Amino acid sequence: MIFENQYIQERIKKTEILREEGINPYPNQIKKGTPSKQFISECAYIKEMDADEKKDMSKSYTLTGRVKFIRIMGKAAFAKLEDADGLVQIYYNRDDLPEGYYNKVKKLIEVGDIVLAEGYPFVTQTGELTLHCKRFEIVSKAISPLPEKFHGLQDHELRYRQRYLDMIMNPEVKDNFIMRSKIVSLVRRFFEERSFLEVETPMMHPIPGGANAKPFITHHNALGIDRYLRVAPELYLKRLIVGGMEAVFEINRNFRNEGMDHTHNPEFTMIEFYWAYHTYTDLMEITEALFEYLFEHLGLPKTLPYGDLQIDFTNPFAKVSYIDALTRIGGIPHEITTDKQKAIRYLAEHHISVDAALTLGQIQAELFDEFVEPKLINPTFITDFPIDISPLARRSDKNPEIAERFELFIAGKEIANGFSELNDPLDQYERFKAQVAAKDATGDDEAMHMDTDYVKALSYGMAPTAGEGIGIDRLVMMLTNQHSIRDVLLFPAMKPEVPRHEIANPDQKTE
């Protein structure tokens with residue numbers, strides 16, 4: 001029972017007393033008061049008064065907010081209210097409120113309650129701007145007490161699980177989410193200004209596709225068939241290119257039934273955009289332009305801290321081919337990077353075991369993940385990926401074993417993935433067949449399924465197109481110096497909470 005706690009029971013009793021006294025603890029029709037920042041700004045002049053009593057009774061303000069502190073001094077009290085802008089002090093006493101009201105509410109209004117205060121501004125003897133209340137009413141009674149004020153809310157698991165409480169106790173947390181909202185808005189504006197059309201595509205797919213990932217499976221009762229939460233919107237967006245929409249984007253959620261760590265959440269936000277009559281080199285240019293746009297409109301310096309790192313976002317970003325990255329950055333001899341057996345032995349020497357059935361491109365990906373990716377600190381485009389790990393990308397005309405594809409890395413993390421799109425329906429069909437064969441041979445539950453309708457769409461002709469996906473969550477992490485994806489998600493995925501009475505050691509963590 002969530003209300004068994006004795007402190008909650010005491011607050012419930014006070015709520016009942018308020019009702020008995022004719023005071024509604026949850027009134028309606030309450031309007032937001034003057035923001036605390038505006039009140040402090042407009043009344044700053046009072047501090048400059050020469051009078052012994054610094055006040056202006058000709059002015060009247062209404063403030064609304066959550067009580068974060070109360071000090072009762074017999075017939076009077078001071079309190080601190082917090083709204084979206086910050087804290088402001090109020091003062092109320094027995095004689096200035098309606099007769100008998102102060103004594104009714106003196107012990108019934110507590111830290112955590114939301115209240116309305118109306119009165120005039122004055123400055124206390126300690127020099128603090130304060131609202132002298134002529135009206136003081138409860139707006140919403142909090143029956144759960146806030147954490148102890150001196151230690152606040154430090155438990156990270158509880159902060160993620162109860163984000164509302166995290167924001168009450170740690171108001172600065174909201175800054176990251178305000179920044180996130182600005183970033184998403186600016187990304188949308190950037191593409192709209194370049195004549196891209198924002199669209200919406202299905203969240204439930206008949207087959208998973210658009211990325212190598214394990215899907216979530218649900219069931220459609222009316223149709224009696226399974227559906228898959230989308231792992232990527234790619235194949236639907238490219239269907240729109242086939243239909244004649246030449247520049248489209250979507251900002252929305254993807255779902256992948258995989259592990260969770262500091263950069264992965266099972267549902268996450270991406271922007272994917274597709275651009276007819278352009279190539280992957282054009283995508284790298286527009287990605288650099290997007291970062292320029294964000295930094296300009298957010299007022300950020302070109303060098304940002306990320307933990308102990310200093311990341312230089314100055315354009316142009318570095319560009320290194322996949323194979324060159326293995327040798328130049330990863331320090332792997334070239335003859336190892338191009339020979340499957342030598343690469344497997346090299347990985348084994350570094351205590352990394354891989355399935356011998358993997359292709360050379362897949363083995364190269366193992367080398368890249370281990371020896372290159374962590375070293376990519378400043379924004380770096382890694383280009384020209386192996387074709388066998390790029391099932392939807394166009395082959396290079398110069399080398400059919402290479403895909404016209406790049407990934408953008410910052411601080412050792414992949415931020416974006418883009419490529420010239422494969423628009424040859426026969427080649428696409430064969431690659432889907434290879435993915436299905438690999439899935440059957442190795443049991444790879446992340447391999448793509450055969451999407452015959454998408455191949456059918458390509459058979460009607462898709463203009464030369466380039467497409468890219470950018471991870472919004474990781475982008476926000478980079479720009480706000482956050483090192484866990486949970487710190488940029490309002491409600492991250494969490495393990496089920498274990499009821500306290502079921503824990504052998506009640507002090508152990510559930511995560």
# chains A, B, ... in the order shown; residues from 1 in each chain; ligands from 1
>>> residues_around(residues="A:Asp451", least_positions_apart="6", cutoff="8 Å", atoms="only C-alpha atoms", output="JSON, numbers by chain")
{"A": [207, 209, 432]}
>>> write_last_selection(atoms="N, CA and C atoms", output="PDB file, in the first residue's frame")
ATOM      1  N   ILE A 207       6.865  -6.495 -40.777  1.00  0.00           N
ATOM      2  CA  ILE A 207       8.137  -7.177 -40.562  1.00  0.00           C
ATOM      3  C   ILE A 207       9.150  -6.139 -40.098  1.00  0.00           C
ATOM      4  N   GLY A 209      12.504  -4.020 -40.101  1.00  0.00           N
ATOM      5  CA  GLY A 209      13.422  -3.657 -41.173  1.00  0.00           C
ATOM      6  C   GLY A 209      13.961  -2.261 -41.006  1.00  0.00           C
ATOM      7  N   PHE A 432      18.892  -8.811 -49.409  1.00  0.00           N
ATOM      8  CA  PHE A 432      17.911  -9.308 -48.448  1.00  0.00           C
ATOM      9  C   PHE A 432      18.010 -10.828 -48.328  1.00  0.00           C
TER      10      PHE A 432
END
>>> residues_around(residues="stretch 76-90 of chain A", least_positions_apart="2", cutoff="7 Å", atoms="only C-alpha atoms", output="ChimeraX atom specification")
/A:35-37,64-74,92-94,130-133
>>> write_last_selection(atoms="N, CA and C atoms", output="compact mmCIF listing (two decimals), in the first residue's frame")
# COMPACT_ATOMS: atom_id res chain seq x y z
N PRO A 35 5.63 35.14 -12.40
CA PRO A 35 6.86 34.34 -12.26
C PRO A 35 7.81 34.98 -11.25
N SER A 36 8.49 34.17 -10.47
CA SER A 36 9.36 34.70 -9.41
C SER A 36 10.45 35.60 -9.99
N LYS A 37 10.99 35.24 -11.15
CA LYS A 37 12.05 36.05 -11.76
C LYS A 37 11.52 37.45 -12.10
N THR A 64 2.63 31.96 -7.15
CA THR A 64 2.23 30.57 -6.95
C THR A 64 3.48 29.70 -7.02
N GLY A 65 3.52 28.67 -6.19
CA GLY A 65 4.67 27.78 -6.22
C GLY A 65 4.62 26.74 -5.12
N ARG A 66 5.66 25.91 -5.11
CA ARG A 66 5.75 24.85 -4.11
C ARG A 66 6.54 25.35 -2.90
N VAL A 67 6.04 25.05 -1.72
CA VAL A 67 6.73 25.43 -0.49
C VAL A 67 7.97 24.56 -0.33
N LYS A 68 9.14 25.19 -0.27
CA LYS A 68 10.39 24.44 -0.09
C LYS A 68 10.98 24.66 1.31
N PHE A 69 10.43 25.62 2.05
CA PHE A 69 10.94 25.91 3.40
C PHE A 69 9.87 26.70 4.14
N ILE A 70 9.70 26.41 5.44
CA ILE A 70 8.79 27.18 6.30
C ILE A 70 9.48 27.39 7.65
N ARG A 71 9.37 28.62 8.16
CA ARG A 71 9.81 28.89 9.53
C ARG A 71 8.67 29.62 10.24
N ILE A 72 8.02 28.94 11.17
CA ILE A 72 6.89 29.51 11.91
C ILE A 72 7.41 30.15 13.18
N MET A 73 6.99 31.41 13.42
CA MET A 73 7.44 32.16 14.60
C MET A 73 6.21 32.66 15.37
N GLY A 74 5.47 31.72 15.92
CA GLY A 74 4.28 32.10 16.68
C GLY A 74 3.19 32.67 15.80
N TYR A 92 3.85 35.80 6.00
CA TYR A 92 2.43 35.92 6.33
C TYR A 92 2.27 35.87 7.85
N ASN A 93 1.23 36.56 8.35
CA ASN A 93 1.01 36.59 9.81
C ASN A 93 -0.47 36.54 10.14
N ARG A 94 -0.75 36.38 11.42
CA ARG A 94 -2.12 36.19 11.88
C ARG A 94 -3.00 37.40 11.59
N THR A 130 10.89 40.21 -0.39
CA THR A 130 9.89 39.28 0.15
C THR A 130 8.50 39.79 -0.19
N LEU A 131 7.54 38.88 -0.31
CA LEU A 131 6.14 39.25 -0.51
C LEU A 131 5.42 39.20 0.83
N HIS A 132 4.86 40.33 1.24
CA HIS A 132 4.07 40.41 2.47
C HIS A 132 2.63 40.02 2.12
N CYS A 133 2.18 38.89 2.63
CA CYS A 133 0.91 38.31 2.17
C CYS A 133 -0.30 38.96 2.84
>>> residues_around(residues="A:Tyr61", least_positions_apart="3", cutoff="8 Å", atoms="only C-alpha atoms", output="PyMOL selection string")
chain A and resi 33-34+39+118-121+131
>>> atom_distance(atom1="atom CA of A:Gly307", atom2="atom CA of A:Ala289")
25.2 Å
>>> closest_atom_pairs(of="stretch 258-369 of chain A", to="stretch 380-404 of chain A", cutoff="8 Å", atoms="only C-alpha atoms", output="CSV")
residue,atom,partner,partner_atom,distance
A:Tyr280,CA,A:Glu404,CA,6.4
A:Met284,CA,A:Phe381,CA,7.7
A:Phe317,CA,A:Thr380,CA,5.6
A:Ala318,CA,A:Thr380,CA,4.7
A:Lys319,CA,A:Phe381,CA,4.7
A:Val320,CA,A:Ile382,CA,5.0
A:Ser321,CA,A:Thr383,CA,4.5
A:Tyr322,CA,A:Thr383,CA,5.6
A:Ala325,CA,A:Ile382,CA,7.4
A:Thr359,CA,A:Asp388,CA,7.4
A:Gly361,CA,A:Pro386,CA,5.3
A:Gln362,CA,A:Ile389,CA,6.3
>>> residues_around(residues="A:Asp424", least_positions_apart="3", cutoff="8 Å", atoms="only C-alpha atoms", output="ChimeraX atom specification")
/A:427-428,458-459
>>> write_last_selection(atoms="C-alpha atoms", output="tab-separated table (two decimals), in the first residue's frame")
chain	number	residue	atom	x	y	z
A	427	ASP	CA	20.78	-5.93	-55.91
A	428	GLN	CA	18.53	-5.12	-52.94
A	458	LEU	CA	12.16	-0.02	-55.73
A	459	SER	CA	11.14	-1.83	-58.89
